[in-house]
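The file target-v8.cif contains mmCIF, C-alpha atoms:
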```cif
data_model
#
loop_
_atom_site.label_atom_id
_atom_site.label_comp_id
_atom_site.auth_asym_id
_atom_site.auth_seq_id
_atom_site.Cartn_x
_atom_site.Cartn_y
_atom_site.Cartn_z
CA MET A 1 -30.75 61.39 62.15
CA PRO A 2 -29.95 65.09 62.76
CA ALA A 3 -26.88 66.07 64.71
CA ILE A 4 -27.42 67.37 68.22
CA THR A 5 -25.44 69.79 70.36
CA PHE A 6 -24.71 68.88 73.98
CA ALA A 7 -24.15 72.32 75.48
CA SER A 8 -25.69 71.34 78.80
CA ARG A 9 -23.63 68.15 78.96
CA HIS A 10 -20.43 70.18 78.85
CA GLU A 11 -21.63 72.73 81.38
CA GLU A 12 -22.45 70.00 83.87
CA SER A 13 -19.22 68.04 83.38
CA PRO A 14 -16.62 68.16 86.14
CA THR A 15 -13.46 70.05 85.29
CA CYS A 16 -10.86 67.76 83.77
CA SER A 17 -7.15 68.21 84.47
CA HIS A 18 -6.54 68.12 80.72
CA ALA A 19 -8.49 71.35 80.39
CA ALA A 20 -5.74 73.15 82.21
CA GLY A 21 -3.10 71.26 80.26
CA THR A 22 -1.70 69.70 83.44
CA ALA A 23 -1.99 66.03 82.47
CA PRO A 24 -0.76 64.09 79.43
CA PHE A 25 -3.12 62.55 76.92
CA ASP A 26 -3.40 58.78 76.78
CA TYR A 27 -1.99 56.85 73.82
CA LEU A 28 -2.01 53.19 72.86
CA PRO A 29 1.54 51.73 72.83
CA LYS A 30 2.92 51.45 69.30
CA PRO A 31 2.99 47.61 69.14
CA SER A 32 -0.66 47.49 70.19
CA LEU A 33 -1.54 50.27 67.76
CA ASP A 34 0.20 48.45 64.91
CA ARG A 35 -1.82 45.31 65.65
CA LEU A 36 -5.03 47.32 65.91
CA ARG A 37 -4.36 48.99 62.57
CA LYS A 38 -3.72 45.61 60.95
CA ILE A 39 -7.03 44.32 62.26
CA ASN A 40 -8.76 47.42 60.86
CA HIS A 41 -6.80 47.75 57.62
CA PHE A 42 -9.91 47.57 55.40
CA LEU A 43 -11.60 50.29 57.44
CA ILE A 44 -8.56 52.57 57.39
CA HIS A 45 -8.12 52.19 53.64
CA ALA A 46 -11.80 52.95 53.07
CA PHE A 47 -11.51 56.05 55.26
CA GLN A 48 -8.42 57.43 53.52
CA ASN A 49 -9.77 56.67 50.06
CA SER A 50 -13.07 58.37 50.85
CA ILE A 51 -11.37 61.48 52.23
CA SER A 52 -9.20 61.72 49.11
CA VAL A 53 -12.30 61.70 46.91
CA ILE A 54 -14.17 64.24 49.02
CA GLN A 55 -11.22 66.61 49.42
CA GLU A 56 -11.15 67.22 45.67
CA ASN A 57 -14.39 69.19 46.04
CA LEU A 58 -13.70 70.98 49.33
CA THR A 59 -13.03 74.68 49.66
CA GLY A 60 -12.79 74.87 53.46
CA THR A 61 -10.25 73.73 56.02
CA TYR A 62 -11.01 70.39 57.68
CA LEU A 63 -9.60 67.74 59.98
CA PHE A 64 -10.88 64.16 59.63
CA LEU A 65 -10.51 61.56 62.39
CA LEU A 66 -11.32 57.84 62.46
CA THR A 67 -11.34 55.94 65.75
CA ASP A 68 -12.18 52.38 66.65
CA SER A 69 -15.13 51.54 68.90
CA ASN A 70 -13.02 52.28 71.99
CA GLY A 71 -12.14 55.78 70.83
CA VAL A 72 -8.56 54.98 69.76
CA LEU A 73 -7.47 57.11 66.80
CA LEU A 74 -6.75 54.76 63.90
CA SER A 75 -6.23 57.26 61.10
CA MET A 76 -6.45 60.96 60.31
CA ASN A 77 -6.38 63.33 57.37
CA TYR A 78 -6.48 67.10 57.06
CA SER A 79 -6.32 70.03 54.68
CA SER A 80 -2.79 71.01 53.68
CA ASP A 81 -3.09 74.43 55.33
CA LEU A 82 -3.68 72.70 58.68
CA LYS A 83 -0.36 70.86 58.62
CA ALA A 84 1.41 73.13 61.12
CA VAL A 85 -1.63 73.30 63.43
CA VAL A 86 -2.05 69.52 63.55
CA GLU A 87 1.66 68.80 63.94
CA ASP A 88 1.81 71.17 66.91
CA SER A 89 -1.17 69.45 68.54
CA PRO A 90 -1.23 66.20 70.55
CA ILE A 91 -3.42 64.53 67.91
CA ARG A 92 -1.81 61.44 66.42
CA PRO A 93 -2.76 57.79 65.78
CA GLY A 94 -3.09 55.83 68.99
CA MET A 95 -4.58 58.72 70.95
CA PHE A 96 -7.59 57.88 73.12
CA PHE A 97 -10.45 60.30 72.49
CA THR A 98 -12.26 59.34 75.67
CA ALA A 99 -13.22 62.02 78.17
CA GLN A 100 -10.79 60.44 80.65
CA SER A 101 -7.92 60.97 78.22
CA CYS A 102 -8.56 64.41 76.79
CA GLY A 103 -11.64 65.84 78.45
CA VAL A 104 -15.06 66.27 76.89
CA ASN A 105 -14.79 66.27 73.10
CA ALA A 106 -17.11 65.43 70.21
CA ILE A 107 -16.00 61.80 70.00
CA SER A 108 -16.31 61.20 73.74
CA VAL A 109 -19.83 62.65 73.74
CA THR A 110 -20.98 60.56 70.79
CA MET A 111 -19.42 57.49 72.46
CA ASP A 112 -21.55 58.16 75.55
CA SER A 113 -24.75 58.98 73.69
CA ASN A 114 -24.39 56.78 70.59
CA GLU A 115 -25.85 59.72 68.67
CA PRO A 116 -24.36 62.23 66.21
CA VAL A 117 -23.20 65.39 67.96
CA VAL A 118 -22.01 68.89 67.13
CA LEU A 119 -19.61 70.39 69.65
CA LEU A 120 -18.63 74.04 69.57
CA PRO A 121 -15.13 75.27 70.50
CA GLU A 122 -16.13 76.48 73.97
CA GLN A 123 -17.73 73.11 74.78
CA HIS A 124 -14.41 71.26 74.65
CA GLU A 125 -12.56 70.88 77.94
CA SER A 126 -9.05 70.71 76.55
CA PRO A 127 -7.58 74.00 75.31
CA TYR A 128 -6.08 72.08 72.40
CA PHE A 129 -9.57 71.62 70.94
CA GLN A 130 -11.11 74.98 71.81
CA SER A 131 -10.61 76.36 68.30
CA TRP A 132 -12.52 73.53 66.66
CA HIS A 133 -16.11 73.15 65.51
CA CYS A 134 -16.65 69.38 65.50
CA TYR A 135 -19.20 66.90 64.22
CA ALA A 136 -18.85 63.31 65.40
CA ALA A 137 -21.01 60.25 64.88
CA PRO A 138 -20.96 56.47 65.35
CA LEU A 139 -19.69 54.72 62.23
CA PHE A 140 -21.29 51.58 60.84
CA MET A 141 -20.27 49.35 57.97
CA GLY A 142 -23.52 47.61 57.16
CA SER A 143 -25.00 46.68 60.52
CA GLN A 144 -21.62 46.44 62.25
CA HIS A 145 -20.53 49.26 64.54
CA VAL A 146 -16.86 49.75 63.67
CA GLY A 147 -15.93 53.03 65.34
CA TYR A 148 -16.47 56.78 65.26
CA LEU A 149 -15.99 59.49 62.66
CA ASP A 150 -15.13 63.10 63.48
CA VAL A 151 -14.98 66.00 61.02
CA SER A 152 -13.74 69.31 62.41
CA THR A 153 -13.04 72.81 61.18
CA ILE A 154 -11.62 75.99 62.68
CA ASN A 155 -13.87 78.09 60.44
CA ALA A 156 -17.13 78.95 62.19
CA ASN A 157 -18.85 79.82 58.91
CA MET A 158 -18.29 76.27 57.59
CA GLN A 159 -20.53 74.48 60.11
CA GLY A 160 -23.28 73.73 57.59
CA GLU A 161 -20.84 72.26 55.10
CA LEU A 162 -19.12 70.42 57.94
CA ILE A 163 -22.23 68.38 58.74
CA ALA A 164 -23.00 67.72 55.08
CA ILE A 165 -19.47 66.41 54.48
CA ALA A 166 -19.55 64.24 57.59
CA LYS A 167 -22.76 62.60 56.40
CA LEU A 168 -21.27 61.87 52.97
CA ILE A 169 -18.16 60.10 54.21
CA PRO A 170 -19.83 56.92 55.60
CA ALA A 171 -21.53 56.30 52.24
CA TYR A 172 -18.21 56.59 50.39
CA MET A 173 -16.55 54.39 53.00
CA GLN A 174 -19.26 51.75 52.75
CA ASN A 175 -18.76 51.41 48.99
CA CYS A 176 -14.97 51.22 49.31
CA TYR A 177 -15.15 48.82 52.26
CA GLN A 178 -17.47 46.47 50.40
CA SER A 179 -15.31 46.63 47.27
CA GLN A 180 -12.23 45.65 49.27
CA GLN A 181 -14.03 42.75 50.88
CA THR A 182 -15.36 41.56 47.52
CA ALA A 183 -11.87 41.70 45.99
CA GLU A 184 -10.42 39.85 48.97
CA VAL A 185 -13.03 37.12 48.71
CA CYS A 186 -12.31 36.72 45.00
CA ASP A 187 -8.60 36.31 45.73
CA LYS A 188 -8.74 34.62 49.11
CA PRO A 189 -11.42 34.49 51.79
CA ALA A 190 -11.20 37.48 54.11
CA VAL A 191 -9.31 36.77 57.32
CA GLU A 192 -10.21 38.52 60.55
CA PHE A 193 -7.98 37.91 63.56
CA THR A 194 -8.50 38.87 67.17
CA GLU A 195 -5.69 40.81 68.85
CA ARG A 196 -4.67 37.65 70.74
CA GLN A 197 -4.53 35.63 67.52
CA LEU A 198 -2.39 38.30 65.86
CA THR A 199 -0.04 38.29 68.83
CA ILE A 200 0.38 34.53 68.66
CA LEU A 201 0.78 34.64 64.87
CA GLU A 202 3.56 37.21 65.24
CA MET A 203 5.25 35.04 67.88
CA ILE A 204 5.06 32.01 65.59
CA ALA A 205 6.62 34.12 62.84
CA GLY A 206 9.34 35.04 65.32
CA GLY A 207 10.19 31.37 65.79
CA LEU A 208 8.75 30.91 69.28
CA THR A 209 7.60 27.45 70.31
CA VAL A 210 4.20 26.71 71.83
CA LYS A 211 5.83 26.44 75.25
CA ALA A 212 7.64 29.75 74.84
CA ILE A 213 4.46 31.50 73.71
CA ALA A 214 2.54 30.08 76.66
CA LEU A 215 5.19 31.29 79.10
CA LYS A 216 5.38 34.74 77.53
CA LEU A 217 1.62 35.24 77.49
CA LYS A 218 1.10 33.44 80.82
CA ILE A 219 -1.47 31.06 79.38
CA LYS A 220 -1.65 27.27 79.08
CA GLU A 221 -0.02 25.43 76.19
CA CYS A 222 -3.36 23.90 75.28
CA THR A 223 -4.75 27.43 74.91
CA VAL A 224 -1.92 28.34 72.55
CA ASN A 225 -2.59 25.19 70.53
CA HIS A 226 -6.26 26.12 70.33
CA HIS A 227 -5.39 29.57 68.98
CA LYS A 228 -2.97 28.00 66.48
CA LYS A 229 -5.71 25.69 65.23
CA VAL A 230 -8.08 28.62 64.75
CA ILE A 231 -5.37 30.63 62.96
CA PHE A 232 -4.54 27.71 60.66
CA ASN A 233 -8.23 27.22 59.85
CA LYS A 234 -8.68 30.89 59.03
CA LEU A 235 -5.66 30.88 56.73
CA GLY A 236 -6.48 27.49 55.25
CA VAL A 237 -3.09 25.98 56.12
CA GLN A 238 -1.73 22.95 57.93
CA SER A 239 1.59 24.16 59.32
CA SER A 240 3.28 27.10 60.99
CA THR A 241 5.52 27.60 57.96
CA GLU A 242 2.51 27.94 55.65
CA ALA A 243 0.74 30.20 58.13
CA VAL A 244 3.70 32.58 58.37
CA SER A 245 4.18 32.61 54.60
CA ILE A 246 0.57 33.51 53.84
CA ALA A 247 0.25 35.92 56.76
CA SER A 248 3.38 37.70 55.56
CA ARG A 249 1.98 38.12 52.04
CA MET A 250 -1.20 39.54 53.59
CA SER A 251 0.89 41.95 55.74
CA TYR A 252 -0.23 40.49 59.05
CA VAL A 253 3.35 39.76 60.16
#
```
If you convert what's in this file into structure tokens, what do you get?
Amino acid sequence: MPAITFASRHEESPTCSHAAGTAPFDYLPKPSLDRLRKINHFLIHAFQNSISVIQENLTGTYLFLLTDSNGVLLSMNYSSDLKAVVEDSPIRPGMFFTAQSCGVNAISVTMDSNEPVVLLPEQHESPYFQSWHCYAAPLFMGSQHVGYLDVSTINANMQGELIAIAKLIPAYMQNCYQSQQTAEVCDKPAVEFTERQLTILEMIAGGLTVKAIALKLKIKECTVNHHKKVIFNKLGVQSSTEAVSIASRMSYV
């Protein structure tokens, strides 16, 4: 599907306080970000691996962003000559790329439209992004919507290559993602935890009792026990000690 430009969308958007630089951007707290990155570790690895492969053949200057389905930045990569520019910007993992957080941007527009989009520098609300030509699109692994991909450049003459690169990345990611899942299945069945399950698993690893977990999370003890049962089933274990041991080896705790 061809990318589309939403010039009229930007022109009709109300002015955002971020455009004047008067409000801070929104970021996910580090503990929550760490859990989110653990949940999406296959996706992040596939993204970084794919960018490494593609960068070997690039001549331009690019910034690559991967967010989850809520627009939270999970991972990023960029050309070496952009290091100073990126480090001086507010862009970092955990940043919300919603319009409410940082004004109209390519990711926020593609989140609203569920379509690929090209956004020109002047179409961004925040001054931090008004040097960037951006292409963003929903990202799918198989039939599953997993997040959004953004490829940006500060070079206006690289727009054609920008779109071509952005369309290549999902294919590379798909291959890497599937390879990881296949390898995981060969070693041990893939384990996917919800954020709540990860939280409880971390608390178990920290030595908290069912009662203590229930009090801390303000839920019933029977609910904690239900989550424990699901966690044990996913890990194929019978005890908290086994669960913590295996989860630790898999870098979940």
Query - Residue contacts of range 228-233 of chain A (12 Å, all atoms listed in the file) excluding same-chain residues fewer than 3 positions away, as a PyMOL selection string - result: chain A and resi 189+191-205+209-210+213-214+221-225+236-247+252
Query - Resolved residues for the PyMOL selection byres ((chain A and resi 124-135) around 6) as a PyMOL selection string - result: chain A and resi 18-19+103-105+117-123+136+150-154
Expected axis-aligned box over every listed atom of range 202-213 of chain A, 4 Å added per side, centre plus edges in Å to one decimal, as JSON:
```
{"center_x": 6.9, "center_y": 31.8, "center_z": 69.0, "size_x": 14.6, "size_y": 18.8, "size_z": 20.4}
```
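Considering all atoms listed in the file, the residue among A:Thr98, A:Gln144, A:Asn114, A:Gln178 positioned nearest to Tyr27 in chain A is A:Thr98.
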**Report entry** Proximity to Asn49 in chain A - best of A:Cys176, A:Leu74, A:Ile165, A:Val85, all atoms listed in the file
**Finding:**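 Among the listed residues, A:Cys176 lies closest to Asn49 in chain A.
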